[in-house]
$ cat protein.pdb   # PDB, C-alpha atoms
ATOM      1  CA  MET A  17      10.725  13.361 -57.041
ATOM      2  CA  SER A  18      13.134  15.230 -54.787
ATOM      3  CA  ASN A  19      16.117  15.563 -57.131
ATOM      4  CA  ASN A  20      18.215  13.815 -54.453
ATOM      5  CA  LYS A  21      17.844  16.609 -51.922
ATOM      6  CA  ARG A  22      19.132  15.328 -48.574
ATOM      7  CA  ILE A  23      17.745  16.077 -45.144
ATOM      8  CA  ASP A  24      18.420  15.149 -41.517
ATOM      9  CA  LEU A  25      15.426  14.876 -39.185
ATOM     10  CA  HIS A  26      17.237  14.112 -35.929
ATOM     11  CA  THR A  27      19.820  16.563 -34.596
ATOM     12  CA  HIS A  28      20.840  17.982 -31.230
ATOM     13  CA  THR A  29      22.366  21.300 -30.219
ATOM     14  CA  SER A  30      23.967  22.751 -27.112
ATOM     15  CA  ALA A  31      20.438  23.554 -25.897
ATOM     16  CA  SER A  32      20.391  19.919 -24.742
ATOM     17  CA  ASP A  33      23.307  17.489 -25.072
ATOM     18  CA  GLY A  34      24.770  18.490 -28.434
ATOM     19  CA  VAL A  35      28.056  20.338 -28.864
ATOM     20  CA  LEU A  36      27.201  22.968 -31.468
ATOM     21  CA  ARG A  37      25.116  26.045 -30.871
ATOM     22  CA  PRO A  38      21.873  26.039 -32.900
ATOM     23  CA  SER A  39      23.244  28.599 -35.370
ATOM     24  CA  GLU A  40      26.466  26.609 -35.749
ATOM     25  CA  LEU A  41      24.504  23.444 -36.497
ATOM     26  CA  VAL A  42      22.469  25.268 -39.140
ATOM     27  CA  ASN A  43      25.628  26.540 -40.815
ATOM     28  CA  LYS A  44      27.185  23.076 -40.686
ATOM     29  CA  ALA A  45      24.100  21.580 -42.310
ATOM     30  CA  MET A  46      24.407  24.035 -45.179
ATOM     31  CA  GLU A  47      28.103  23.213 -45.538
ATOM     32  CA  GLU A  48      27.215  19.508 -45.696
ATOM     33  CA  GLY A  49      24.840  20.182 -48.569
ATOM     34  CA  LEU A  50      21.638  19.406 -46.683
ATOM     35  CA  SER A  51      18.384  20.994 -47.810
ATOM     36  CA  ALA A  52      16.584  20.768 -44.467
ATOM     37  CA  ILE A  53      17.140  19.713 -40.877
ATOM     38  CA  ALA A  54      14.981  19.255 -37.802
ATOM     39  CA  ILE A  55      16.241  20.493 -34.450
ATOM     40  CA  THR A  56      15.142  17.813 -31.961
ATOM     41  CA  ASP A  57      16.751  18.614 -28.639
ATOM     42  CA  HIS A  58      15.907  16.500 -25.611
ATOM     43  CA  ASP A  59      12.888  17.817 -23.690
ATOM     44  CA  THR A  60      13.499  21.445 -24.653
ATOM     45  CA  VAL A  61      12.721  23.963 -27.388
ATOM     46  CA  LYS A  62      15.223  26.562 -26.196
ATOM     47  CA  GLY A  63      17.499  26.242 -29.241
ATOM     48  CA  ILE A  64      14.877  26.576 -31.940
ATOM     49  CA  ALA A  65      14.508  30.375 -32.112
ATOM     50  CA  GLU A  66      18.241  30.814 -32.721
ATOM     51  CA  ALA A  67      18.193  28.052 -35.328
ATOM     52  CA  VAL A  68      15.223  29.593 -37.150
ATOM     53  CA  GLU A  69      16.927  32.980 -37.282
ATOM     54  CA  ALA A  70      20.139  31.445 -38.629
ATOM     55  CA  SER A  71      18.330  29.286 -41.193
ATOM     56  CA  ASP A  72      16.347  32.248 -42.503
ATOM     57  CA  LYS A  73      19.594  34.082 -43.208
ATOM     58  CA  ILE A  74      21.119  31.309 -45.322
ATOM     59  CA  GLY A  75      18.058  29.691 -46.858
ATOM     60  CA  LEU A  76      18.142  26.335 -45.091
ATOM     61  CA  GLU A  77      14.746  24.787 -44.329
ATOM     62  CA  LEU A  78      14.362  24.315 -40.585
ATOM     63  CA  ILE A  79      11.750  22.083 -38.953
ATOM     64  CA  PRO A  80      11.045  22.921 -35.306
ATOM     65  CA  GLY A  81      11.130  19.700 -33.346
ATOM     66  CA  ILE A  82      11.782  17.982 -30.049
ATOM     67  CA  GLU A  83      12.712  14.569 -28.632
ATOM     68  CA  LEU A  84      10.711  13.663 -25.551
ATOM     69  CA  THR A  85      12.001  11.072 -23.102
ATOM     70  CA  CYS A  86       9.092   8.929 -21.916
ATOM     71  CA  ARG A  87       8.869   6.161 -19.354
ATOM     72  CA  GLU A  88       6.342   3.358 -19.736
ATOM     73  CA  GLY A  89       6.663   0.800 -16.982
ATOM     74  CA  TYR A  90      10.344  -0.049 -16.669
ATOM     75  CA  ARG A  91      11.171   0.959 -20.248
ATOM     76  CA  GLU A  92      12.221   4.310 -21.675
ATOM     77  CA  TYR A  93      11.046   5.430 -25.108
ATOM     78  CA  HIS A  94      11.911   8.520 -27.112
ATOM     79  CA  ILE A  95       9.287  10.305 -29.185
ATOM     80  CA  LEU A  96      10.277  12.839 -31.828
ATOM     81  CA  GLY A  97       7.883  15.691 -32.558
ATOM     82  CA  TYR A  98       8.015  17.620 -35.844
ATOM     83  CA  PHE A  99       6.514  21.006 -36.752
ATOM     84  CA  ILE A 100       5.742  21.818 -33.135
ATOM     85  CA  ASP A 101       4.677  25.304 -32.106
ATOM     86  CA  TYR A 102       7.817  25.981 -30.112
ATOM     87  CA  LYS A 103       6.349  29.254 -28.819
ATOM     88  CA  SER A 104       3.314  27.523 -27.308
ATOM     89  CA  GLU A 105       3.003  28.576 -23.664
ATOM     90  CA  LYS A 106       1.291  25.302 -22.821
ATOM     91  CA  LEU A 107       4.137  23.287 -24.306
ATOM     92  CA  ILE A 108       6.780  25.392 -22.564
ATOM     93  CA  GLU A 109       5.020  24.976 -19.206
ATOM     94  CA  SER A 110       4.657  21.226 -19.768
ATOM     95  CA  LEU A 111       8.377  20.938 -20.523
ATOM     96  CA  LYS A 112       9.163  22.794 -17.306
ATOM     97  CA  SER A 113       6.932  20.469 -15.309
ATOM     98  CA  ILE A 114       8.454  17.220 -16.608
ATOM     99  CA  ARG A 115      11.816  18.217 -15.180
ATOM    100  CA  SER A 116      10.322  17.053 -11.882
ATOM    101  CA  TRP A 117      10.637  13.277 -11.441
ATOM    102  CA  LYS A 118       7.385  13.295  -9.458
ATOM    103  CA  VAL A 119       5.536  14.693 -12.451
ATOM    104  CA  LYS A 120       7.425  12.462 -14.891
ATOM    105  CA  GLU A 121       6.432   9.329 -12.993
ATOM    106  CA  THR A 122       2.729  10.194 -13.238
ATOM    107  CA  MET A 123       2.802  10.657 -17.005
ATOM    108  CA  SER A 124       2.079   7.916 -19.510
ATOM    109  CA  ILE A 125       3.449   7.663 -23.021
ATOM    110  CA  LYS A 126      -0.009   8.780 -24.166
ATOM    111  CA  ASP A 127       0.486  12.019 -22.217
ATOM    112  CA  TYR A 128       3.802  12.672 -23.947
ATOM    113  CA  MET A 129       2.243  12.029 -27.334
ATOM    114  CA  ALA A 130      -0.475  14.542 -26.444
ATOM    115  CA  MET A 131       2.157  17.157 -25.597
ATOM    116  CA  ILE A 132       3.348  16.943 -29.187
ATOM    117  CA  THR A 133      -0.025  16.778 -30.920
ATOM    118  CA  GLU A 134      -1.484  19.599 -28.806
ATOM    119  CA  ALA A 135       1.459  21.763 -29.908
ATOM    120  CA  GLY A 136       0.547  21.050 -33.538
ATOM    121  CA  GLY A 137       3.313  18.487 -33.955
ATOM    122  CA  LEU A 138       3.669  15.099 -35.609
ATOM    123  CA  PRO A 139       4.859  12.304 -33.270
ATOM    124  CA  VAL A 140       7.417   9.780 -34.547
ATOM    125  CA  LEU A 141       8.972   6.879 -32.629
ATOM    126  CA  ALA A 142      12.721   7.487 -32.392
ATOM    127  CA  HIS A 143      15.435   4.831 -32.948
ATOM    128  CA  PRO A 144      13.332   1.701 -32.272
ATOM    129  CA  ALA A 145      16.379  -0.546 -32.478
ATOM    130  CA  GLU A 146      17.653   0.836 -29.163
ATOM    131  CA  TYR A 147      14.835  -0.503 -26.972
ATOM    132  CA  GLY A 148      15.915  -4.133 -26.965
ATOM    133  CA  LEU A 149      12.479  -5.374 -28.009
ATOM    134  CA  SER A 150      11.560  -8.433 -30.015
ATOM    135  CA  ASN A 151       9.945  -7.872 -33.396
ATOM    136  CA  ALA A 152       6.565  -8.758 -31.902
ATOM    137  CA  ASP A 153       6.983  -6.338 -28.992
ATOM    138  CA  LEU A 154       8.143  -3.590 -31.353
ATOM    139  CA  GLU A 155       5.012  -4.062 -33.409
ATOM    140  CA  ALA A 156       2.883  -4.001 -30.255
ATOM    141  CA  ILE A 157       4.295  -0.664 -29.033
ATOM    142  CA  ILE A 158       4.041   0.847 -32.512
ATOM    143  CA  LYS A 159       0.417  -0.300 -32.747
ATOM    144  CA  GLU A 160      -0.303   1.268 -29.347
ATOM    145  CA  LEU A 161       1.392   4.536 -30.284
ATOM    146  CA  LYS A 162      -0.520   4.617 -33.557
ATOM    147  CA  SER A 163      -3.737   4.735 -31.533
ATOM    148  CA  TYR A 164      -2.376   7.842 -29.778
ATOM    149  CA  GLY A 165      -1.549   9.663 -33.014
ATOM    150  CA  LEU A 166       1.834   8.295 -34.126
ATOM    151  CA  VAL A 167       2.547   9.257 -37.744
ATOM    152  CA  GLY A 168       5.967   7.717 -38.334
ATOM    153  CA  VAL A 169       8.823   5.449 -37.289
ATOM    154  CA  GLU A 170      12.485   6.454 -37.427
ATOM    155  CA  VAL A 171      13.723   3.464 -39.396
ATOM    156  CA  MET A 172      16.762   5.141 -40.956
ATOM    157  CA  HIS A 173      19.007   5.616 -37.930
ATOM    158  CA  PRO A 174      22.644   4.628 -37.251
ATOM    159  CA  SER A 175      21.539   2.084 -34.629
ATOM    160  CA  THR A 176      19.217   0.145 -36.964
ATOM    161  CA  PRO A 177      20.749  -3.050 -38.407
ATOM    162  CA  SER A 178      19.743  -3.911 -41.969
ATOM    163  CA  HIS A 179      17.611  -6.912 -41.018
ATOM    164  CA  LEU A 180      15.592  -4.838 -38.542
ATOM    165  CA  GLU A 181      15.228  -2.031 -41.064
ATOM    166  CA  GLU A 182      13.251  -4.365 -43.315
ATOM    167  CA  VAL A 183      11.079  -5.504 -40.391
ATOM    168  CA  LEU A 184      10.343  -1.918 -39.394
ATOM    169  CA  LYS A 185       9.527  -0.884 -42.944
ATOM    170  CA  ASP A 186       7.023  -3.740 -43.109
ATOM    171  CA  ILE A 187       5.414  -2.708 -39.801
ATOM    172  CA  ALA A 188       5.263   0.932 -40.914
ATOM    173  CA  SER A 189       3.626  -0.075 -44.181
ATOM    174  CA  ARG A 190       0.978  -2.199 -42.461
ATOM    175  CA  TYR A 191       0.079   0.577 -40.024
ATOM    176  CA  ASN A 192       0.221   3.340 -42.629
ATOM    177  CA  LEU A 193       3.136   5.113 -40.950
ATOM    178  CA  ILE A 194       5.840   7.255 -42.549
ATOM    179  CA  VAL A 195       9.370   5.827 -42.611
ATOM    180  CA  THR A 196      11.596   8.642 -41.355
ATOM    181  CA  GLY A 197      15.281   8.983 -40.555
ATOM    182  CA  GLY A 198      18.080  11.064 -39.158
ATOM    183  CA  SER A 199      21.625  10.924 -37.873
ATOM    184  CA  ASP A 200      20.928  11.665 -34.180
ATOM    185  CA  PHE A 201      23.831  14.095 -34.505
ATOM    186  CA  HIS A 202      25.403  15.413 -31.303
ATOM    187  CA  THR A 203      29.079  15.877 -32.200
ATOM    188  CA  ASP A 204      31.567  15.049 -34.936
ATOM    189  CA  MET A 205      33.366  12.839 -32.411
ATOM    190  CA  HIS A 206      30.792  10.097 -33.094
ATOM    191  CA  ARG A 207      31.608   9.089 -36.657
ATOM    192  CA  SER A 208      28.633   6.771 -37.070
ATOM    193  CA  TYR A 209      26.308   9.637 -36.160
ATOM    194  CA  THR A 210      27.732  12.414 -38.331
ATOM    195  CA  LEU A 211      25.344  15.001 -39.694
ATOM    196  CA  GLY A 212      23.516  13.794 -42.798
ATOM    197  CA  ILE A 213      25.026  10.297 -42.669
ATOM    198  CA  MET A 214      21.696   8.538 -43.262
ATOM    199  CA  ASN A 215      21.155  10.285 -46.627
ATOM    200  CA  VAL A 216      17.446  10.732 -45.961
ATOM    201  CA  ASP A 217      15.607  11.867 -49.064
ATOM    202  CA  TYR A 218      13.544  15.063 -49.088
ATOM    203  CA  GLU A 219      10.540  12.943 -50.064
ATOM    204  CA  VAL A 220      10.284  11.911 -46.399
ATOM    205  CA  LEU A 221       9.795  15.527 -45.389
ATOM    206  CA  SER A 222       7.209  15.938 -48.154
ATOM    207  CA  GLN A 223       5.268  13.008 -46.676
ATOM    208  CA  LEU A 224       5.373  14.598 -43.219
ATOM    209  CA  LYS A 225       4.099  17.883 -44.649
ATOM    210  CA  THR A 226       1.215  16.035 -46.283
ATOM    211  CA  ALA A 227       0.399  14.322 -42.978
ATOM    212  CA  ARG A 228       0.442  17.687 -41.262
ATOM    213  CA  LEU A 229      -2.191  19.030 -43.652
ATOM    214  CA  SER A 230      -4.566  16.243 -42.656
ATOM    215  CA  LEU A 231      -4.506  17.158 -38.958
TER     216      LEU A 231
END

$ encode --input "protein.pdb" --output "structure tokens"
Amino acid sequence: MSNNKRIDLHTHTSASDGVLRPSELVNKAMEEGLSAIAITDHDTVKGIAEAVEASDKIGLELIPGIELTCREGYREYHILGYFIDYKSEKLIESLKSIRSWKVKETMSIKDYMAMITEAGGLPVLAHPAEYGLSNADLEAIIKELKSYGLVGVEVMHPSTPSHLEEVLKDIASRYNLIVTGGSDFHTDMHRSYTLGIMNVDYEVLSQLKTARLSL
């Protein structure tokens, strides 16, 4: 077991739309008693190097990550990527290119998933409760993403109501996906999204590490 070590697998820094600098977020995580965090800024890896340097100094485990904003038809989905090679030149160039709406409109959700997997990362569907989908449609998109390499679903998130949490856990179980979670922290101003609020157990990170070994 994990001895109740707590983690947060969904955080944002000033490299995207968070308030804290990467090093400040790392220090705050340590102050909050977290054992590990993932930096998952929107469509950028610019904050990770600073976060890694800060985490090495204080002994906090840091997972390099990202949150990609994908459009599929008229819907927008967010895909988290964990353990990405944030120094990958191919990934960095791809992130530069998707800043163009012309490029963005030609990309499918499969292409975004490939950006993560080709950078050595593990793709996870972020905050599924926010897409306004029926249970059947949620299962359909999760099944589709699974065929593209999805390894997990962010069930433990401030936006997920308890009844949907049970539905998502059932879907994850049936498709052999890891149930992940995080606060989606941006700032202390949002009390429901405070750092570490979801009390995610370290066992979740252990499961992701095991999945990574099978790649």

$ residues_around --input "protein.pdb" --residues "region 40-49 of chain A" --least-positions-apart "5" --cutoff "7 Å" --atoms "only C-alpha atoms" --output "NGL selection string"
:A and (29 or 67 or 70-71 or 76)

$ closest_residue --input "protein.pdb" --among "A:Val195, A:Ala130, A:Ala145, A:Ala31" --to "Ser178 (chain A)" --atoms "all atoms listed in the file"
A:Ala145

$ atom_distance --input "protein.pdb" --atom1 "CA of Thr203 (chain A)" --atom2 "CA of Thr27 (chain A)"
9.6 Å

$ residues_around --input "protein.pdb" --residues "Leu111 (chain A)" --least-positions-apart "2" --cutoff "9 Å" --atoms "only C-alpha atoms" --output "CSV table (one decimal) with C-alpha atoms, keeping the file's coordinate frame"
chain,number,residue,atom,x,y,z
A,59,ASP,CA,12.9,17.8,-23.7
A,60,THR,CA,13.5,21.4,-24.7
A,61,VAL,CA,12.7,24.0,-27.4
A,106,LYS,CA,1.3,25.3,-22.8
A,107,LEU,CA,4.1,23.3,-24.3
A,108,ILE,CA,6.8,25.4,-22.6
A,109,GLU,CA,5.0,25.0,-19.2
A,113,SER,CA,6.9,20.5,-15.3
A,114,ILE,CA,8.5,17.2,-16.6
A,115,ARG,CA,11.8,18.2,-15.2
A,131,MET,CA,2.2,17.2,-25.6

$ residues_around --input "protein.pdb" --residues "Glu155 (chain A)" --least-positions-apart "4" --cutoff "7 Å" --atoms "only C-alpha atoms" --output "VMD selection string"
chain A and resid 151 159 187

$ write_last_selection --input "protein.pdb" --atoms "C-alpha atoms" --output "PDB file, in the frame of the given file"
ATOM      1  CA  ASN A 151       9.945  -7.872 -33.396  1.00  0.00           C
ATOM      2  CA  LYS A 159       0.417  -0.300 -32.747  1.00  0.00           C
ATOM      3  CA  ILE A 187       5.414  -2.708 -39.801  1.00  0.00           C
TER       4      ILE A 187
END

$ closest_residue --input "protein.pdb" --among "A:Glu105, A:Glu170, A:Glu181, A:Glu219" --to "Glu83 (chain A)" --atoms "only C-alpha atoms"
A:Glu170

$ residues_around --input "protein.pdb" --residues "Gly212 (chain A)" --least-positions-apart "3" --cutoff "7 Å" --atoms "all atoms listed in the file" --output "VMD selection string"
chain A and resid 23 to 24 199 215

$ write_last_selection --input "protein.pdb" --atoms "C-alpha atoms" --output "mmCIF file, keeping the file's coordinate frame"
data_model
loop_
_atom_site.group_PDB
_atom_site.id
_atom_site.type_symbol
_atom_site.label_atom_id
_atom_site.label_comp_id
_atom_site.auth_asym_id
_atom_site.auth_seq_id
_atom_site.Cartn_x
_atom_site.Cartn_y
_atom_site.Cartn_z
ATOM 1 C CA ILE A 23 17.745 16.077 -45.144
ATOM 2 C CA ASP A 24 18.420 15.149 -41.517
ATOM 3 C CA SER A 199 21.625 10.924 -37.873
ATOM 4 C CA ASN A 215 21.155 10.285 -46.627
#

$ closest_residue --input "protein.pdb" --among "A:Tyr191, A:Tyr218, A:Tyr209, A:Tyr93" --to "Ala142 (chain A)" --atoms "all atoms listed in the file"
A:Tyr93

$ atom_distance --input "protein.pdb" --atom1 "CA of Glu92 (chain A)" --atom2 "CA of Glu66 (chain A)"
29.3 Å

$ closest_residue --input "protein.pdb" --among "A:Leu96, A:Glu121, A:Lys162, A:Ile55" --to "Arg190 (chain A)" --atoms "all atoms listed in the file"
A:Lys162

$ residues_around --input "protein.pdb" --residues "Lys225 (chain A)" --least-positions-apart "6" --cutoff "10 Å" --atoms "only C-alpha atoms" --output "JSON list (two decimals) with C-alpha atoms, in the coordinates of the input"
[["chain", "number", "residue", "atom", "x", "y", "z"],
["A", 98, "TYR", "CA", 8.02, 17.62, -35.84],
["A", 99, "PHE", "CA", 6.51, 21.01, -36.75],
["A", 138, "LEU", "CA", 3.67, 15.10, -35.61],
["A", 219, "GLU", "CA", 10.54, 12.94, -50.06]]

$ atom_distance --input "protein.pdb" --atom1 "CA of Ser39 (chain A)" --atom2 "CA of His206 (chain A)"
20.1 Å

$ axis_aligned_box --input "protein.pdb" --around "region 42-52 of chain A" --padding-each-side "5 Å" --output "AutoDock Vina command-line options"
--center_x 22.3 --center_y 23.0 --center_z -43.9 --size_x 21.5 --size_y 17.1 --size_z 19.4

$ resolve_selection --input "protein.pdb" --expression "the PyMOL selection byres ((chain A and resi 139) around 10)" --output "PyMOL selection string"
chain A and resi 81-84+95-100+128-133+136-138+140-142+161-162+164-169

$ closest_residue --input "protein.pdb" --among "A:Thr210, A:Ser110, A:Ser222, A:Thr196" --to "Leu184 (chain A)" --atoms "only C-alpha atoms"
A:Thr196

$ resolve_selection --input "protein.pdb" --expression "the PyMOL selection byres ((chain A and resi 79) around 6)" --output "PyMOL selection string"
chain A and resi 54+78+80+99

$ decode --input "protein.pdb" --residues "region 69-106 of chain A" --atoms "C-alpha atoms" --output "mmCIF file, in the first residue's frame"
data_model
loop_
_atom_site.group_PDB
_atom_site.id
_atom_site.type_symbol
_atom_site.label_atom_id
_atom_site.label_comp_id
_atom_site.auth_asym_id
_atom_site.auth_seq_id
_atom_site.Cartn_x
_atom_site.Cartn_y
_atom_site.Cartn_z
ATOM 1 C CA GLU A 69 14.861 21.812 -10.825
ATOM 2 C CA ALA A 70 12.810 23.000 -7.847
ATOM 3 C CA SER A 71 11.489 19.518 -7.047
ATOM 4 C CA ASP A 72 14.977 18.019 -7.119
ATOM 5 C CA LYS A 73 16.080 20.512 -4.479
ATOM 6 C CA ILE A 74 13.331 19.642 -1.996
ATOM 7 C CA GLY A 75 12.687 15.987 -2.754
ATOM 8 C CA LEU A 76 9.202 16.235 -4.231
ATOM 9 C CA GLU A 77 8.402 13.740 -6.996
ATOM 10 C CA LEU A 78 7.544 15.596 -10.191
ATOM 11 C CA ILE A 79 5.788 14.036 -13.183
ATOM 12 C CA PRO A 80 6.281 15.939 -16.444
ATOM 13 C CA GLY A 81 2.900 16.340 -18.067
ATOM 14 C CA ILE A 82 0.659 18.373 -20.323
ATOM 15 C CA GLU A 83 -3.033 19.028 -21.004
ATOM 16 C CA LEU A 84 -3.843 19.155 -24.698
ATOM 17 C CA THR A 85 -6.963 20.922 -25.932
ATOM 18 C CA CYS A 86 -8.505 18.893 -28.753
ATOM 19 C CA ARG A 87 -11.457 19.547 -31.019
ATOM 20 C CA GLU A 88 -13.518 16.679 -32.404
ATOM 21 C CA GLY A 89 -16.420 17.913 -34.474
ATOM 22 C CA TYR A 90 -18.137 20.640 -32.479
ATOM 23 C CA ARG A 91 -16.888 19.357 -29.116
ATOM 24 C CA GLU A 92 -13.717 20.166 -27.204
ATOM 25 C CA TYR A 93 -11.912 17.500 -25.190
ATOM 26 C CA HIS A 94 -8.874 17.751 -22.951
ATOM 27 C CA ILE A 95 -6.270 14.997 -22.872
ATOM 28 C CA LEU A 96 -3.711 14.807 -20.078
ATOM 29 C CA GLY A 97 -0.309 13.323 -20.865
ATOM 30 C CA TYR A 98 1.950 11.939 -18.123
ATOM 31 C CA PHE A 99 5.682 11.157 -18.194
ATOM 32 C CA ILE A 100 6.169 12.984 -21.475
ATOM 33 C CA ASP A 101 9.641 13.730 -22.792
ATOM 34 C CA TYR A 102 9.299 17.473 -22.385
ATOM 35 C CA LYS A 103 12.625 18.020 -24.168
ATOM 36 C CA SER A 104 11.466 16.202 -27.305
ATOM 37 C CA GLU A 105 12.075 18.455 -30.311
ATOM 38 C CA LYS A 106 9.208 16.817 -32.172
#
